[in-house]
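Okay, so here's the structure we're looking at.
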Amino acid sequence: MDPGRALNEQGIGCAEVAVRIVCAARQQRIPIGGDLANGTCQVGGFVQLAQLDRGAASSVIAHRWPDTIGARLNPRNGLTRPPAAALL
């Protein structure tokens, strides 16, 4: 990504940016009790986009990760970054 150019000029949409951010966060282990080997990742679930227009509203799940709710996240669970074609 080029921070000097608008995302749409680069062919990148909001869904892809949101998924990239979550994918990066999934790779960051947060140590438990200062023990780097006993860390957990804190991001999972899904990326949902909502659009509000005059007289209409819509919502779509852009990407969902296969993590179990309440379980310690595994950053290797599912694709590290889904292909752009899979986003919307």
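All residue names refer to the structure tokens as shown: chains lettered A, B, ... in order, residues numbered from 1 in each chain, ligands numbered from 1 in order.
Note that DSSP on the backbone gives strand (DSSP E) to these residues of chain A: Ile30, Pro31, Ile32, Asp35, Leu36, Ala37, Asn38, Gly39, Thr40, Phe46, Val47, Gln48, Leu49, Ala50, Gln51, Leu52, Asp53, Ala56, Ala57, Ser58, Ser59, Val60, Ile61, Ala62, His63 and Arg64 of chain A.
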Find the residues around Leu49 in chain A up to 7 Å (only C-alpha atoms counted), leave out those fewer than 3 positions away in its own chain, and share them as a compact mmCIF listing (two decimals) with all heavy atoms, in the first residue's frame.
# COMPACT_ATOMS: atom_id res chain seq x y z
N SER A 59 -25.56 -4.46 5.31
CA SER A 59 -24.45 -4.97 6.10
C SER A 59 -24.00 -6.28 5.47
O SER A 59 -24.82 -7.06 4.98
CB SER A 59 -24.91 -5.20 7.54
OG SER A 59 -23.90 -5.80 8.29
N VAL A 60 -22.68 -6.52 5.49
CA VAL A 60 -22.14 -7.75 4.92
C VAL A 60 -20.92 -8.18 5.74
O VAL A 60 -20.18 -7.33 6.24
CB VAL A 60 -21.77 -7.57 3.43
CG1 VAL A 60 -20.68 -6.55 3.25
CG2 VAL A 60 -21.39 -8.88 2.79
N ILE A 61 -20.76 -9.49 5.91
CA ILE A 61 -19.56 -10.02 6.56
C ILE A 61 -18.51 -10.15 5.46
O ILE A 61 -18.69 -10.92 4.51
CB ILE A 61 -19.83 -11.40 7.21
CG1 ILE A 61 -20.95 -11.32 8.24
CG2 ILE A 61 -18.54 -11.96 7.81
CD1 ILE A 61 -20.62 -10.49 9.46
N ALA A 62 -17.41 -9.38 5.56
CA ALA A 62 -16.36 -9.39 4.55
C ALA A 62 -15.49 -10.63 4.68
O ALA A 62 -15.06 -11.20 3.68
CB ALA A 62 -15.51 -8.13 4.66
Practice item. Based on DSSP run over this structure's backbone, return all residues of chain A in alpha helix (DSSP H), as a PyMOL selection string. Key: chain A and resi 14-26
Could you save the residues just selected, with N, CA and C atoms, as a PDB file, in the first residue's frame?
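Once written, out_5.pdb looks like this:
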ATOM      1  N   CYS A  14     -12.220  -0.903   1.326  1.00  0.00           N
ATOM      2  CA  CYS A  14     -12.315  -0.872   2.789  1.00  0.00           C
ATOM      3  C   CYS A  14     -12.284  -2.274   3.385  1.00  0.00           C
ATOM      4  N   ALA A  15     -12.944  -3.231   2.732  1.00  0.00           N
ATOM      5  CA  ALA A  15     -12.978  -4.601   3.268  1.00  0.00           C
ATOM      6  C   ALA A  15     -11.572  -5.179   3.338  1.00  0.00           C
ATOM      7  N   GLU A  16     -10.782  -5.001   2.288  1.00  0.00           N
ATOM      8  CA  GLU A  16      -9.426  -5.556   2.288  1.00  0.00           C
ATOM      9  C   GLU A  16      -8.563  -4.903   3.359  1.00  0.00           C
ATOM     10  N   VAL A  17      -8.672  -3.593   3.529  1.00  0.00           N
ATOM     11  CA  VAL A  17      -7.896  -2.906   4.557  1.00  0.00           C
ATOM     12  C   VAL A  17      -8.261  -3.425   5.943  1.00  0.00           C
ATOM     13  N   ALA A  18      -9.558  -3.566   6.204  1.00  0.00           N
ATOM     14  CA  ALA A  18      -9.997  -4.057   7.518  1.00  0.00           C
ATOM     15  C   ALA A  18      -9.485  -5.470   7.773  1.00  0.00           C
ATOM     16  N   VAL A  19      -9.570  -6.335   6.782  1.00  0.00           N
ATOM     17  CA  VAL A  19      -9.102  -7.712   6.950  1.00  0.00           C
ATOM     18  C   VAL A  19      -7.593  -7.744   7.137  1.00  0.00           C
ATOM     19  N   ARG A  20      -6.855  -6.915   6.399  1.00  0.00           N
ATOM     20  CA  ARG A  20      -5.392  -6.853   6.572  1.00  0.00           C
ATOM     21  C   ARG A  20      -5.025  -6.434   8.000  1.00  0.00           C
ATOM     22  N   ILE A  21      -5.747  -5.480   8.559  1.00  0.00           N
ATOM     23  CA  ILE A  21      -5.466  -5.014   9.925  1.00  0.00           C
ATOM     24  C   ILE A  21      -5.687  -6.143  10.921  1.00  0.00           C
ATOM     25  N   VAL A  22      -6.813  -6.867  10.789  1.00  0.00           N
ATOM     26  CA  VAL A  22      -7.092  -7.968  11.708  1.00  0.00           C
ATOM     27  C   VAL A  22      -6.062  -9.085  11.524  1.00  0.00           C
ATOM     28  N   CYS A  23      -5.699  -9.386  10.279  1.00  0.00           N
ATOM     29  CA  CYS A  23      -4.696 -10.432  10.027  1.00  0.00           C
ATOM     30  C   CYS A  23      -3.368 -10.067  10.686  1.00  0.00           C
ATOM     31  N   ALA A  24      -2.958  -8.811  10.596  1.00  0.00           N
ATOM     32  CA  ALA A  24      -1.710  -8.388  11.236  1.00  0.00           C
ATOM     33  C   ALA A  24      -1.818  -8.505  12.753  1.00  0.00           C
ATOM     34  N   ALA A  25      -2.948  -8.110  13.304  1.00  0.00           N
ATOM     35  CA  ALA A  25      -3.133  -8.188  14.754  1.00  0.00           C
ATOM     36  C   ALA A  25      -3.136  -9.634  15.231  1.00  0.00           C
ATOM     37  N   ARG A  26      -3.641 -10.551  14.408  1.00  0.00           N
ATOM     38  CA  ARG A  26      -3.665 -11.968  14.785  1.00  0.00           C
ATOM     39  C   ARG A  26      -2.260 -12.541  14.935  1.00  0.00           C
TER      40      ARG A  26
END
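For Pro31 in chain A, the list of residues within 7 Å, based on only C-alpha atoms and with local chain neighbours fewer than 6 positions off taken out, reads Asn38, Gly39 and Thr40 of chain A.
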Take the residues that were just selected and, keeping N, CA and C atoms, output them as a PDB file, in the first residue's frame.
ATOM      1  N   ASN A  38       4.118 -18.300  26.352  1.00  0.00           N
ATOM      2  CA  ASN A  38       2.737 -18.552  26.752  1.00  0.00           C
ATOM      3  C   ASN A  38       1.887 -17.333  26.413  1.00  0.00           C
ATOM      4  N   GLY A  39       1.877 -16.986  25.141  1.00  0.00           N
ATOM      5  CA  GLY A  39       1.116 -15.814  24.726  1.00  0.00           C
ATOM      6  C   GLY A  39      -0.172 -16.204  24.044  1.00  0.00           C
ATOM      7  N   THR A  40      -0.993 -15.238  23.857  1.00  0.00           N
ATOM      8  CA  THR A  40      -2.257 -15.460  23.162  1.00  0.00           C
ATOM      9  C   THR A  40      -2.483 -14.313  22.192  1.00  0.00           C
TER      10      THR A  40
END
Check your understanding: Residues at most 6 Å from Phe46 in chain A, counting only C-alpha atoms, excluding those fewer than 4 positions away in the same chain, as number ranges by chain?
Key -> A: 63-65
**Study point:** Distance in Å - CA of Val47 in chain A versus CA of Met1 in chain A
**Key:** 19.6 Å
